[in-house]
$ cat my_file.cif   # mmCIF, N, CA and C atoms and all ligand atoms; chains and numbers go by the auth columns
data_start
loop_
_atom_site.group_PDB
_atom_site.id
_atom_site.type_symbol
_atom_site.label_atom_id
_atom_site.label_comp_id
_atom_site.label_asym_id
_atom_site.label_seq_id
_atom_site.Cartn_x
_atom_site.Cartn_y
_atom_site.Cartn_z
_atom_site.B_iso_or_equiv
_atom_site.auth_seq_id
_atom_site.auth_asym_id
ATOM 1 N N MET A 1 125.116 101.209 84.208 0.00 1 A
ATOM 2 C CA MET A 1 123.921 100.401 84.503 0.00 1 A
ATOM 3 C C MET A 1 122.681 101.279 84.469 0.00 1 A
ATOM 4 N N GLU A 2 121.696 100.820 83.762 0.00 2 A
ATOM 5 C CA GLU A 2 120.464 101.592 83.626 0.00 2 A
ATOM 6 C C GLU A 2 119.681 101.610 84.934 0.00 2 A
ATOM 7 N N HIS A 3 119.034 102.695 85.198 0.00 3 A
ATOM 8 C CA HIS A 3 118.260 102.820 86.423 0.00 3 A
ATOM 9 C C HIS A 3 117.031 101.916 86.357 0.00 3 A
ATOM 10 N N PRO A 4 116.870 101.025 87.333 0.00 4 A
ATOM 11 C CA PRO A 4 115.735 100.104 87.297 0.00 4 A
ATOM 12 C C PRO A 4 114.419 100.828 87.577 0.00 4 A
ATOM 13 N N LEU A 5 113.351 100.308 87.024 0.00 5 A
ATOM 14 C CA LEU A 5 112.033 100.922 87.204 0.00 5 A
ATOM 15 C C LEU A 5 111.301 100.369 88.414 0.00 5 A
ATOM 16 N N LEU A 6 111.811 99.244 88.903 0.00 6 A
ATOM 17 C CA LEU A 6 111.153 98.597 90.024 0.00 6 A
ATOM 18 C C LEU A 6 112.130 98.404 91.175 0.00 6 A
ATOM 19 N N TYR A 7 111.587 98.342 92.371 0.00 7 A
ATOM 20 C CA TYR A 7 112.394 97.979 93.523 0.00 7 A
ATOM 21 C C TYR A 7 111.581 96.977 94.332 0.00 7 A
ATOM 22 N N TYR A 8 112.233 96.330 95.263 0.00 8 A
ATOM 23 C CA TYR A 8 111.580 95.312 96.062 0.00 8 A
ATOM 24 C C TYR A 8 111.386 95.822 97.476 0.00 8 A
ATOM 25 N N CYS A 9 110.147 96.002 97.872 0.00 9 A
ATOM 26 C CA CYS A 9 109.865 96.429 99.243 0.00 9 A
ATOM 27 C C CYS A 9 110.022 95.243 100.179 0.00 9 A
ATOM 28 N N VAL A 10 110.940 95.371 101.136 0.00 10 A
ATOM 29 C CA VAL A 10 111.241 94.253 102.031 0.00 10 A
ATOM 30 C C VAL A 10 110.130 94.012 103.050 0.00 10 A
ATOM 31 N N LYS A 11 109.258 94.978 103.211 0.00 11 A
ATOM 32 C CA LYS A 11 108.133 94.824 104.141 0.00 11 A
ATOM 33 C C LYS A 11 106.930 94.208 103.445 0.00 11 A
ATOM 34 N N CYS A 12 106.587 94.734 102.293 0.00 12 A
ATOM 35 C CA CYS A 12 105.469 94.194 101.514 0.00 12 A
ATOM 36 C C CYS A 12 105.842 92.869 100.851 0.00 12 A
ATOM 37 N N GLU A 13 107.166 92.671 100.671 0.00 13 A
ATOM 38 C CA GLU A 13 107.685 91.512 99.968 0.00 13 A
ATOM 39 C C GLU A 13 107.139 91.438 98.551 0.00 13 A
ATOM 40 N N GLN A 14 107.189 92.552 97.871 0.00 14 A
ATOM 41 C CA GLN A 14 106.803 92.560 96.469 0.00 14 A
ATOM 42 C C GLN A 14 107.479 93.707 95.726 0.00 14 A
ATOM 43 N N LEU A 15 107.498 93.573 94.417 0.00 15 A
ATOM 44 C CA LEU A 15 108.094 94.603 93.576 0.00 15 A
ATOM 45 C C LEU A 15 107.135 95.769 93.423 0.00 15 A
ATOM 46 N N LYS A 16 107.683 96.974 93.449 0.00 16 A
ATOM 47 C CA LYS A 16 106.877 98.178 93.335 0.00 16 A
ATOM 48 C C LYS A 16 107.606 99.174 92.450 0.00 16 A
ATOM 49 N N ALA A 17 106.841 100.128 91.939 0.00 17 A
ATOM 50 C CA ALA A 17 107.443 101.169 91.108 0.00 17 A
ATOM 51 C C ALA A 17 108.404 102.009 91.935 0.00 17 A
ATOM 52 N N ILE A 18 109.564 102.240 91.372 0.00 18 A
ATOM 53 C CA ILE A 18 110.637 102.883 92.125 0.00 18 A
ATOM 54 C C ILE A 18 110.281 104.313 92.516 0.00 18 A
ATOM 55 N N GLU A 19 109.412 104.924 91.756 0.00 19 A
ATOM 56 C CA GLU A 19 109.026 106.310 92.070 0.00 19 A
ATOM 57 C C GLU A 19 108.183 106.400 93.342 0.00 19 A
ATOM 58 N N GLN A 20 107.659 105.256 93.782 0.00 20 A
ATOM 59 C CA GLN A 20 106.865 105.240 95.009 0.00 20 A
ATOM 60 C C GLN A 20 107.695 104.840 96.224 0.00 20 A
ATOM 61 N N ALA A 21 108.970 104.636 96.028 0.00 21 A
ATOM 62 C CA ALA A 21 109.824 104.179 97.118 0.00 21 A
ATOM 63 C C ALA A 21 109.966 105.253 98.192 0.00 21 A
ATOM 64 N N GLY A 22 109.841 104.817 99.454 0.00 22 A
ATOM 65 C CA GLY A 22 110.134 105.728 100.556 0.00 22 A
ATOM 66 C C GLY A 22 111.621 105.739 100.848 0.00 22 A
ATOM 67 N N VAL A 23 112.216 104.554 100.793 0.00 23 A
ATOM 68 C CA VAL A 23 113.646 104.391 101.033 0.00 23 A
ATOM 69 C C VAL A 23 114.176 103.365 100.039 0.00 23 A
ATOM 70 N N LEU A 24 115.349 103.604 99.536 0.00 24 A
ATOM 71 C CA LEU A 24 116.031 102.594 98.728 0.00 24 A
ATOM 72 C C LEU A 24 117.350 102.252 99.393 0.00 24 A
ATOM 73 N N PHE A 25 117.584 100.955 99.562 0.00 25 A
ATOM 74 C CA PHE A 25 118.842 100.518 100.140 0.00 25 A
ATOM 75 C C PHE A 25 119.853 100.330 99.018 0.00 25 A
ATOM 76 N N ARG A 26 121.048 100.743 99.267 0.00 26 A
ATOM 77 C CA ARG A 26 122.104 100.599 98.247 0.00 26 A
ATOM 78 C C ARG A 26 122.915 99.337 98.460 0.00 26 A
ATOM 79 N N THR A 27 122.578 98.591 99.488 0.00 27 A
ATOM 80 C CA THR A 27 123.439 97.495 99.906 0.00 27 A
ATOM 81 C C THR A 27 122.970 96.139 99.419 0.00 27 A
ATOM 82 N N GLY A 28 121.771 96.065 98.876 0.00 28 A
ATOM 83 C CA GLY A 28 121.279 94.756 98.500 0.00 28 A
ATOM 84 C C GLY A 28 120.407 94.801 97.271 0.00 28 A
ATOM 85 N N PHE A 29 120.293 93.662 96.615 0.00 29 A
ATOM 86 C CA PHE A 29 119.460 93.569 95.431 0.00 29 A
ATOM 87 C C PHE A 29 118.608 92.322 95.497 0.00 29 A
ATOM 88 N N TYR A 30 117.428 92.428 94.929 0.00 30 A
ATOM 89 C CA TYR A 30 116.521 91.299 94.835 0.00 30 A
ATOM 90 C C TYR A 30 116.675 90.685 93.454 0.00 30 A
ATOM 91 N N ARG A 31 116.982 89.400 93.420 0.00 31 A
ATOM 92 C CA ARG A 31 117.229 88.707 92.158 0.00 31 A
ATOM 93 C C ARG A 31 118.288 89.425 91.323 0.00 31 A
ATOM 94 N N ALA A 32 119.237 90.014 92.022 0.00 32 A
ATOM 95 C CA ALA A 32 120.428 90.598 91.407 0.00 32 A
ATOM 96 C C ALA A 32 120.155 91.791 90.502 0.00 32 A
ATOM 97 N N GLN A 33 118.902 92.246 90.397 0.00 33 A
ATOM 98 C CA GLN A 33 118.657 93.378 89.512 0.00 33 A
ATOM 99 C C GLN A 33 117.749 94.439 90.112 0.00 33 A
ATOM 100 N N TYR A 34 116.907 94.078 91.048 0.00 34 A
ATOM 101 C CA TYR A 34 116.025 95.064 91.645 0.00 34 A
ATOM 102 C C TYR A 34 116.597 95.530 92.977 0.00 34 A
ATOM 103 N N PRO A 35 116.733 96.827 93.174 0.00 35 A
ATOM 104 C CA PRO A 35 117.236 97.309 94.457 0.00 35 A
ATOM 105 C C PRO A 35 116.233 97.035 95.576 0.00 35 A
ATOM 106 N N LEU A 36 116.753 96.789 96.753 0.00 36 A
ATOM 107 C CA LEU A 36 115.888 96.612 97.921 0.00 36 A
ATOM 108 C C LEU A 36 115.495 97.976 98.457 0.00 36 A
ATOM 109 N N GLY A 37 114.291 98.050 98.968 0.00 37 A
ATOM 110 C CA GLY A 37 113.836 99.318 99.510 0.00 37 A
ATOM 111 C C GLY A 37 112.638 99.123 100.405 0.00 37 A
ATOM 112 N N CYS A 38 111.991 100.240 100.666 0.00 38 A
ATOM 113 C CA CYS A 38 110.845 100.240 101.547 0.00 38 A
ATOM 114 C C CYS A 38 109.895 101.318 101.022 0.00 38 A
ATOM 115 N N CYS A 39 108.642 100.959 100.808 0.00 39 A
ATOM 116 C CA CYS A 39 107.710 101.923 100.245 0.00 39 A
ATOM 117 C C CYS A 39 107.328 102.977 101.293 0.00 39 A
ATOM 118 N N ALA A 40 106.755 104.051 100.838 0.00 40 A
ATOM 119 C CA ALA A 40 106.424 105.167 101.724 0.00 40 A
ATOM 120 C C ALA A 40 105.480 104.737 102.841 0.00 40 A
ATOM 121 N N ARG A 41 104.559 103.854 102.509 0.00 41 A
ATOM 122 C CA ARG A 41 103.595 103.390 103.506 0.00 41 A
ATOM 123 C C ARG A 41 104.293 102.597 104.611 0.00 41 A
ATOM 124 N N CYS A 42 105.176 101.691 104.231 0.00 42 A
ATOM 125 C CA CYS A 42 105.900 100.886 105.219 0.00 42 A
ATOM 126 C C CYS A 42 106.847 101.768 106.031 0.00 42 A
ATOM 127 N N LYS A 43 107.414 102.745 105.401 0.00 43 A
ATOM 128 C CA LYS A 43 108.298 103.641 106.107 0.00 43 A
ATOM 129 C C LYS A 43 107.554 104.400 107.190 0.00 43 A
ATOM 130 N N GLN A 44 106.349 104.815 106.883 0.00 44 A
ATOM 131 C CA GLN A 44 105.514 105.507 107.866 0.00 44 A
ATOM 132 C C GLN A 44 105.170 104.585 109.034 0.00 44 A
ATOM 133 N N ALA A 45 104.867 103.312 108.696 0.00 45 A
ATOM 134 C CA ALA A 45 104.494 102.361 109.728 0.00 45 A
ATOM 135 C C ALA A 45 105.656 102.020 110.642 0.00 45 A
ATOM 136 N N ASP A 46 106.874 102.094 110.090 0.00 46 A
ATOM 137 C CA ASP A 46 108.059 101.752 110.864 0.00 46 A
ATOM 138 C C ASP A 46 109.192 102.733 110.556 0.00 46 A
ATOM 139 N N PRO A 47 109.248 103.839 111.271 0.00 47 A
ATOM 140 C CA PRO A 47 110.198 104.898 110.971 0.00 47 A
ATOM 141 C C PRO A 47 111.660 104.533 111.178 0.00 47 A
ATOM 142 N N THR A 48 111.903 103.391 111.808 0.00 48 A
ATOM 143 C CA THR A 48 113.301 103.001 112.043 0.00 48 A
ATOM 144 C C THR A 48 113.940 102.409 110.797 0.00 48 A
ATOM 145 N N VAL A 49 113.152 102.049 109.816 0.00 49 A
ATOM 146 C CA VAL A 49 113.686 101.450 108.593 0.00 49 A
ATOM 147 C C VAL A 49 114.462 102.489 107.800 0.00 49 A
HETATM 148 ZN ZN ZN B . 106.005 98.285 101.511 0.00 101 B
#

$ encode --input "my_file.cif" --output "structure tokens"
Amino acid sequence: MEHPLLYYCVKCEQLKAIEQAGVLFRTGFYRAQYPLGCCARCKQADPTV
């Protein structure tokens, strides 16, 4: 499977470039193709994520 270029930030609720991801979850996907994650900004705002 090719590495996706986008991920879905669960806090912002939008797709973002994967290189800006603070955290990527391996357990879920958005629309079956984009990995779920959390951008660096959201991660800073909520360190428990
Ligand atoms: Zn975010």

$ residues_around --input "my_file.cif" --residues "Val10 (chain A)" --least-positions-apart "4" --cutoff "10 Å" --atoms "only C-alpha atoms" --output "JSON, numbers by chain"
{"A": [14, 15, 30, 36, 37, 38, 39, 42]}

$ closest_residue --input "my_file.cif" --among "A:Asp46, A:Lys16, A:Gly22, A:Lys11" --to "Tyr34 (chain A)" --atoms "only C-alpha atoms"
A:Lys16

$ select_by_dssp --input "my_file.cif" --residues "chain A" --states "strand (DSSP E or B)" --output "PyMOL selection string"
chain A and resi 6-9+14-17+21-30+34-39

$ closest_residue --input "my_file.cif" --among "A:Ala17, A:Phe29, A:Leu5, A:Ala40" --to "ligand ZN 101 (chain B)" --atoms "all atoms listed in the file"
A:Ala40

$ atom_distance --input "my_file.cif" --atom1 "atom N of Gln44 (chain A)" --atom2 "atom N of Ala21 (chain A)"
11.2 Å

$ select_by_dssp --input "my_file.cif" --residues "region 13-49 of chain A" --states "helix (DSSP H, G or I)" --output "PyMOL selection string"
chain A and resi 18-20+40-45

$ write_last_selection --input "my_file.cif" --atoms "N, CA and C atoms" --output "CSV table (one decimal), in the frame of the given file"
chain,number,residue,atom,x,y,z
A,18,ILE,N,109.6,102.2,91.4
A,18,ILE,CA,110.6,102.9,92.1
A,18,ILE,C,110.3,104.3,92.5
A,19,GLU,N,109.4,104.9,91.8
A,19,GLU,CA,109.0,106.3,92.1
A,19,GLU,C,108.2,106.4,93.3
A,20,GLN,N,107.7,105.3,93.8
A,20,GLN,CA,106.9,105.2,95.0
A,20,GLN,C,107.7,104.8,96.2
A,40,ALA,N,106.8,104.1,100.8
A,40,ALA,CA,106.4,105.2,101.7
A,40,ALA,C,105.5,104.7,102.8
A,41,ARG,N,104.6,103.9,102.5
A,41,ARG,CA,103.6,103.4,103.5
A,41,ARG,C,104.3,102.6,104.6
A,42,CYS,N,105.2,101.7,104.2
A,42,CYS,CA,105.9,100.9,105.2
A,42,CYS,C,106.8,101.8,106.0
A,43,LYS,N,107.4,102.7,105.4
A,43,LYS,CA,108.3,103.6,106.1
A,43,LYS,C,107.6,104.4,107.2
A,44,GLN,N,106.3,104.8,106.9
A,44,GLN,CA,105.5,105.5,107.9
A,44,GLN,C,105.2,104.6,109.0
A,45,ALA,N,104.9,103.3,108.7
A,45,ALA,CA,104.5,102.4,109.7
A,45,ALA,C,105.7,102.0,110.6

$ closest_residue --input "my_file.cif" --among "A:Gln33, A:Thr48, A:Arg41, A:Val23" --to "ligand ZN 101 (chain B)" --atoms "only N, CA and C atoms and all ligand atoms"
A:Arg41

$ atom_distance --input "my_file.cif" --atom1 "atom N of Leu6 (chain A)" --atom2 "atom C of Pro47 (chain A)"
22.9 Å

$ atom_distance --input "my_file.cif" --atom1 "CA of Lys43 (chain A)" --atom2 "atom C of Cys9 (chain A)"
10.4 Å
